[in-house]
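Q: Mind looking over this structure? Questions follow.
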Amino acid sequence: MIRDFIKPYIQELVPYSTARDEFTGDARVFLDANENPFPSAVHRYPDPHQKELKELVANLKGTASDGIFLGNGSDEAIDLLVRVVSCGEPGITITPPTYGMYKVAALNNGVGLVEAPLTRDFALDYGAIRQASQSGSRLLFICSPNNPTGTVYSLDQIREALDLFNGIVVVDEAYIDFAEAPSAATLRSEYDRLVVLQTFSKAWGMAGLRLGITFAARPVIDAMNKLKLPYNISELNQRYALDRLREPEVMREEVRTIISERERMSSVLSTLLSVERVFPSAANFLLVRVGDAERAFRYLQEKGIIVRDRSRELHCEGCLRITIGTPAENDAVVAALREVA
Ligand SMILES: *Cc1c(COP(=O)(O)O)cnc(C)c1O
C-alpha cells in the first residue's frame with residue numbers, strides 16, 4: 001500500500017487553511033484575507049492550489065491535474081519528498097554520481113543516506129539497489145537523464161529498479177525534454193510507488209522562475225500539499241508560467257537547436273587532443289574527460305567561460321560538465337579547449 005510509505009502523522013495532519021481555500025463560487029467583494037483593497041498586479045494572495053496552472057500543465061502532459069504538485073523548483077519537491085516519506089532507518093538511497101540536492105535534502109532533514117553507486121559505465125547497479133532495499137531504505141532517487149553523466153535509463157531499466165526496491169522510487173526527469181527516450185511517467189499506471197519529477201528550469205527556459213512539477217499518486221500529492229507553505233507559487237510566477245506554457249512551439253524549437261548543437265559538440269570535442277572522452281548524453285550538457293580537469297577549467301575561466309568541474313565525483317575523474325549554449329558560445333568552448341592541448 002502506497003500509504004504505508006508515508007509518515008503516519010502527516011496523514012493525520014490538518015494543514016493551514018487559507019482564506020481562499022474556504023471560498024468557492026462567485027464573489028466580487030473580498031474582505032477575507034486582510035489584503036490592501038487598492039488594485040495592483042499582486043494585491044491579492046495567489047491561488048494556493050494553482051488550479052488554472054495545474055489544468056494547463058495537465059493538458060500539456062496528458063495527465064490528470066489531481067496527480068500534480070507544483071513546487072518552488074523541483075528542489076522544493078525533493079525536500080518535501082524526503083520529509084513526507086517514511087524513508088526507513090538507513091535513510092534515502094541515491095545512485096552517485098548524481099544530482100547533489102538529494103543528499104542535501106537528506107542531511108538538512110536529519111535523514112540518513114545509502115549509496116548504490118552507478119557502475120563505471122554509468123549504468124544502474126541493480127545488486128546495490130536490491131541491497132539498499134533489503135537494508136530498509138524506502139525512498140530511492142534515480143535521475144534520468146542523469147546529472148552529471150547525461151545517461152538516460154530505459155523504461156525496462158526503471159521497471160527493474162522498481163521491482164527490486166520495496167519503497168517509493170523518484171525518477172528525476174529534469175532533462176527529459178532533451179532525450180529521445182519516453183518519460184517514466186508512462187509507468188505510473190503500473191506502479192503507484194513511482195514519483196516523477198520534471199521542471200520548467202531547463203528546456204522551458206524558466207530557471208529564474210522556480211517552478212517544478214511532481215507527478216505522483218494521490219496519497220503522495222496530498223501529503224506534499226499538507227507540508228508545503230500555503231502560497232508556495234507566487235501570483236507573478238503563476239501568471240508568467242501560464243503565458244509561456246501557451247506557446248510550447250518556442251520551447252520545442254529551442255530544444256531542437258540545443259540537441260543538434262549537443263551532437264555537433266560531441267563529435268567536434270571528440271577530435272580535440274585535450275579531450276580523452278565525450279560521454280553520450282541525452283541532456284543539454286556533455287560530460288567530457290579532459291585528463292587535467294583543473295587546468296582546463298582554469299584556462300576556460302581565463303577566457304571568460306564557466307563550466308562545471310565534476311572531477312571529484314565518483315567515476316568522473318578528469319571530467320568537466322559543459323552545458324550546451326548558443327552555437328557561438330559552443331564555438332568559443334571548442335576554440336579554448338583546442339588551445340589547452
Ligand atoms: C537542475 C536540476 C533540477 C533543478 O530543478 P529546479 O526545478 O530548478 O529546482 C532538478 N534535478 C536535476 C537532476 C537537475 O539537474
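Ordered as shown in the C-alpha cells, chains take letters A, B, and onward, while each chain numbers its residues from 1 and ligands are numbered from 1 in the order shown.
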Hey, which residues come within 6 Å of ligand 1 if we count only C-alpha atoms and all ligand atoms? Could you give them as a PyMOL selection string?

A: chain A and resi 73-75+99+143+147+172+174+199+201+207+210-212

Q: Need the shell around Tyr191 in chain A: protein/DNA/RNA residues with any atom at most 10 Å away, counting only C-alpha atoms. Skip same-chain ones fewer than 5 positions apart. Format as an mmCIF file with N, CA and C atoms, in the first residue's frame?

A:
```cif
data_model
loop_
_atom_site.group_PDB
_atom_site.id
_atom_site.type_symbol
_atom_site.label_atom_id
_atom_site.label_comp_id
_atom_site.auth_asym_id
_atom_site.auth_seq_id
_atom_site.Cartn_x
_atom_site.Cartn_y
_atom_site.Cartn_z
ATOM 1 N N ILE A 2 0.557 2.156 -0.891
ATOM 2 C CA ILE A 2 1.335 3.384 -1.002
ATOM 3 C C ILE A 2 1.326 4.164 0.321
ATOM 4 N N ARG A 159 11.880 0.001 -14.620
ATOM 5 C CA ARG A 159 10.985 -1.046 -14.129
ATOM 6 C C ARG A 159 11.749 -2.033 -13.242
ATOM 7 N N LEU A 162 12.313 -0.545 -9.932
ATOM 8 C CA LEU A 162 11.058 -0.555 -9.164
ATOM 9 C C LEU A 162 10.779 -1.940 -8.596
ATOM 10 N N ASP A 163 11.085 -2.993 -9.393
ATOM 11 C CA ASP A 163 10.811 -4.355 -8.938
ATOM 12 C C ASP A 163 11.757 -4.779 -7.809
ATOM 13 N N ILE A 168 9.276 3.891 -2.282
ATOM 14 C CA ILE A 168 8.938 4.908 -3.279
ATOM 15 C C ILE A 168 10.164 5.193 -4.142
ATOM 16 N N VAL A 169 9.971 5.150 -5.448
ATOM 17 C CA VAL A 169 11.064 5.423 -6.383
ATOM 18 C C VAL A 169 10.771 6.743 -7.094
ATOM 19 N N ALA A 185 6.914 8.539 -16.630
ATOM 20 C CA ALA A 185 5.521 8.769 -16.222
ATOM 21 C C ALA A 185 4.584 7.731 -16.841
ATOM 22 N N THR A 186 4.970 7.153 -17.980
ATOM 23 C CA THR A 186 4.129 6.133 -18.613
ATOM 24 C C THR A 186 4.035 4.866 -17.755
ATOM 25 N N ALA A 216 2.559 12.169 -9.154
ATOM 26 C CA ALA A 216 2.559 11.100 -8.151
ATOM 27 C C ALA A 216 1.139 10.660 -7.838
ATOM 28 N N ALA A 217 1.035 9.536 -7.119
ATOM 29 C CA ALA A 217 -0.266 9.039 -6.667
ATOM 30 C C ALA A 217 -0.852 10.018 -5.653
#
```

Q: Excluding Ser267 in chain A and residues on its chain fewer than 2 positions from it, collect all residues at most 12 Å away from it, counting only C-alpha atoms, and give them as a PDB file with N, CA and C atoms, in the first residue's frame.

A:
```
ATOM      1  N   SER A 260      20.740  19.487 -31.535  1.00  0.00           N
ATOM      2  CA  SER A 260      21.643  19.377 -32.683  1.00  0.00           C
ATOM      3  C   SER A 260      23.020  19.958 -32.345  1.00  0.00           C
ATOM      4  N   GLU A 261      23.044  21.000 -31.506  1.00  0.00           N
ATOM      5  CA  GLU A 261      24.327  21.528 -31.030  1.00  0.00           C
ATOM      6  C   GLU A 261      25.056  20.521 -30.133  1.00  0.00           C
ATOM      7  N   ARG A 262      24.284  19.793 -29.332  1.00  0.00           N
ATOM      8  CA  ARG A 262      24.892  18.766 -28.462  1.00  0.00           C
ATOM      9  C   ARG A 262      25.593  17.714 -29.317  1.00  0.00           C
ATOM     10  N   GLU A 263      24.924  17.288 -30.377  1.00  0.00           N
ATOM     11  CA  GLU A 263      25.515  16.261 -31.242  1.00  0.00           C
ATOM     12  C   GLU A 263      26.738  16.817 -31.975  1.00  0.00           C
ATOM     13  N   ARG A 264      26.642  18.053 -32.432  1.00  0.00           N
ATOM     14  CA  ARG A 264      27.781  18.686 -33.109  1.00  0.00           C
ATOM     15  C   ARG A 264      28.969  18.807 -32.140  1.00  0.00           C
ATOM     16  N   MET A 265      28.680  19.318 -30.921  1.00  0.00           N
ATOM     17  CA  MET A 265      29.744  19.487 -29.929  1.00  0.00           C
ATOM     18  C   MET A 265      30.369  18.145 -29.572  1.00  0.00           C
ATOM     19  N   LEU A 269      34.261  17.924 -30.173  1.00  0.00           N
ATOM     20  CA  LEU A 269      35.119  17.806 -28.986  1.00  0.00           C
ATOM     21  C   LEU A 269      35.919  16.497 -29.012  1.00  0.00           C
ATOM     22  N   SER A 270      35.302  15.436 -29.541  1.00  0.00           N
ATOM     23  CA  SER A 270      35.984  14.137 -29.582  1.00  0.00           C
ATOM     24  C   SER A 270      37.272  14.175 -30.402  1.00  0.00           C
ATOM     25  N   THR A 271      37.365  15.125 -31.323  1.00  0.00           N
ATOM     26  CA  THR A 271      38.545  15.189 -32.186  1.00  0.00           C
ATOM     27  C   THR A 271      39.688  15.978 -31.553  1.00  0.00           C
ATOM     28  N   LEU A 272      39.443  16.659 -30.421  1.00  0.00           N
ATOM     29  CA  LEU A 272      40.482  17.510 -29.832  1.00  0.00           C
ATOM     30  C   LEU A 272      41.510  16.685 -29.059  1.00  0.00           C
ATOM     31  N   VAL A 275      40.960  16.326 -25.331  1.00  0.00           N
ATOM     32  CA  VAL A 275      39.779  15.576 -24.877  1.00  0.00           C
ATOM     33  C   VAL A 275      40.025  14.075 -24.988  1.00  0.00           C
ATOM     34  N   ARG A 277      37.631  11.775 -23.748  1.00  0.00           N
ATOM     35  CA  ARG A 277      36.365  11.082 -23.994  1.00  0.00           C
ATOM     36  C   ARG A 277      35.186  12.023 -23.809  1.00  0.00           C
ATOM     37  N   VAL A 278      34.226  11.915 -24.698  1.00  0.00           N
ATOM     38  CA  VAL A 278      32.953  12.619 -24.518  1.00  0.00           C
ATOM     39  C   VAL A 278      31.901  11.544 -24.263  1.00  0.00           C
ATOM     40  N   PHE A 279      31.241  11.606 -23.118  1.00  0.00           N
ATOM     41  CA  PHE A 279      30.242  10.587 -22.801  1.00  0.00           C
ATOM     42  C   PHE A 279      28.944  10.881 -23.550  1.00  0.00           C
ATOM     43  N   PRO A 280      28.224   9.815 -23.961  1.00  0.00           N
ATOM     44  CA  PRO A 280      26.938  10.029 -24.628  1.00  0.00           C
ATOM     45  C   PRO A 280      25.989  10.776 -23.693  1.00  0.00           C
ATOM     46  N   SER A 281      25.224  11.703 -24.225  1.00  0.00           N
ATOM     47  CA  SER A 281      24.337  12.486 -23.370  1.00  0.00           C
ATOM     48  C   SER A 281      22.952  12.620 -23.966  1.00  0.00           C
ATOM     49  N   LEU A 286      27.279  18.067 -21.722  1.00  0.00           N
ATOM     50  CA  LEU A 286      28.146  16.931 -22.031  1.00  0.00           C
ATOM     51  C   LEU A 286      29.121  16.737 -20.890  1.00  0.00           C
ATOM     52  N   VAL A 288      32.696  15.593 -20.202  1.00  0.00           N
ATOM     53  CA  VAL A 288      33.862  15.500 -21.074  1.00  0.00           C
ATOM     54  C   VAL A 288      35.103  15.197 -20.243  1.00  0.00           C
ATOM     55  N   VAL A 334      35.004  25.230 -27.888  1.00  0.00           N
ATOM     56  CA  VAL A 334      35.858  24.393 -28.729  1.00  0.00           C
ATOM     57  C   VAL A 334      37.201  25.086 -28.962  1.00  0.00           C
TER      58      VAL A 334
END
```

Q: Skipping near chain neighbours, those fewer than 6 positions away, what residues fall within 8 Å of range 241-258 of chain A using only C-alpha atoms, listed as JSON, numbers by chain?

A: {"A": [53, 56, 57, 177, 178, 203, 204, 205, 284, 324, 325, 326]}

Q: As number ranges by chain, please: every residue in range 171-203 of chain A that DSSP puts in strand (DSSP E or B).

A: A: 171-172, 194-199

Q: Could you turn the residues from that selection into a file that holds C-alpha atoms, as a PDB file, in the first residue's frame?

A:
```
ATOM      1  CA  VAL A 171      12.661   9.442 -11.166  1.00  0.00           C
ATOM      2  CA  ASP A 172      14.010  12.968 -11.629  1.00  0.00           C
ATOM      3  CA  LEU A 194       6.613   5.756  -8.768  1.00  0.00           C
ATOM      4  CA  VAL A 195       7.046   9.526  -8.485  1.00  0.00           C
ATOM      5  CA  VAL A 196       8.258  11.534 -11.489  1.00  0.00           C
ATOM      6  CA  LEU A 197       9.830  14.990 -11.228  1.00  0.00           C
ATOM      7  CA  GLN A 198      10.079  17.432 -14.113  1.00  0.00           C
ATOM      8  CA  THR A 199      10.929  21.124 -14.173  1.00  0.00           C
TER       9      THR A 199
END
```
